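Enquirer: One structure, as structure tokens, below. Some questions next.
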Amino acid sequence: MRLVVEADGGSRGNPGPAGYGAVVLDPATGETLAERAAYIGVATNNVAEYKGLIAGLTAARELFPEAEVTVRMDSKLVVEQMSGRWKIKHPDMKPLAAEAVRILPPGRVTYEWIPRERNKHADRLANEAMDAGRRGEQWSPDLSAARTLAAAPPPSGPPGDAAAGAAAVRAALANARPAT
């Protein structure tokens, strides 16, 4: 079984409030098999990127312990370090890289750099996690923007009926998020 993990991390400030996002995908269909995201407090971008990698690899192992995984990230640093082409010099990164290696044997994981615009799903999850942290919450799949939009009922009016579409989206949002 082969899986794809896309992961991202970020901080608003470096260091600053940080979070990560990771998604496990079926490479044949593109179907999302798992999503992970979390607010991690104040950290650097690089720490958040590694935390996203760890979360994605862990989710892949939970789904299919014997899977081979292609990790795609827009962090050149993490991709090159985990591929063994760059040394890991920073003391904060060494234990995170070691943790990632312990999740799945290195021979079953390959790393690929992708441009940021191709990592939108993981990036969105990381931003949702940071937004949740700003509100004093942790990210929850139930509050994910993708799930909220997917929960919208199909349009009931004729094509181009903006009022019906807007009403459907408002209803889905009202049902998907607890009142604050």
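Going by the structure tokens order, chains are called A, B, ..., each with residues numbered from 1, while ligands are numbered from 1 in the order shown.
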Neighbours of segment 3-7 of chain A within 8 Å (only C-alpha atoms; same-chain residues fewer than 4 positions away dropped), as an MDAnalysis selection string?

Expert: chainID A and resid 20:27 49 52:53 56:57 60 67:73 119 121:123

Enquirer: Just to confirm, what's the straight-line distance from atom CA of Lys120 of chain A to atom CA of Asn45 of chain A in Å (one decimal)?

Expert: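 The value is 16.4 Å.
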
Enquirer: Would you mind listing what lies within 9 Å of segment 138-141 of chain A as a VMD selection string, with only C-alpha atoms counted and same-chain residues fewer than 2 positions away left out?

Expert: chain A and resid 35 to 39 125 128 to 133 135 to 136 143 to 145 147

Enquirer: For segment 97-105 of chain A, list every protein, DNA or RNA residue within 12 Å, evaluated using only C-alpha atoms, and leave out those in the same chain fewer than 5 positions away; present the list as an MDAnalysis selection string.

Expert: chainID A and resid 46:47 49:62 64:71 77:84 87:92 110

Enquirer: Quick check, in Å to one decimal: how far apart do atom CA of Arg124 of chain A and atom CA of Val42 of chain A lie?

Expert: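 If I compute the distance from atom CA of Arg124 of chain A to atom CA of Val42 of chain A, I get 18.7 Å.
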
Enquirer: Please compute the atom CA of Gly30 of chain A-atom CA of Ala126 of chain A distance, one decimal, in Å.

Expert: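 Result for atom CA of Gly30 of chain A versus atom CA of Ala126 of chain A: 19.6 Å, one decimal.
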
Enquirer: DSSP on the backbone, helix (DSSP H, G or I) only: what residues of segment 43-132 of chain A does that give? Format it as a ChimeraX atom specification.

Expert: /A:45-63,76-83,93-103,106-108,116-118,120-132

Enquirer: I need the residue nearest Lys76 of chain A from this list: A:Ala48, A:Ile114, A:Met1, A:Ala18. Use only C-alpha atoms for the distance.

Expert: A:Ile114
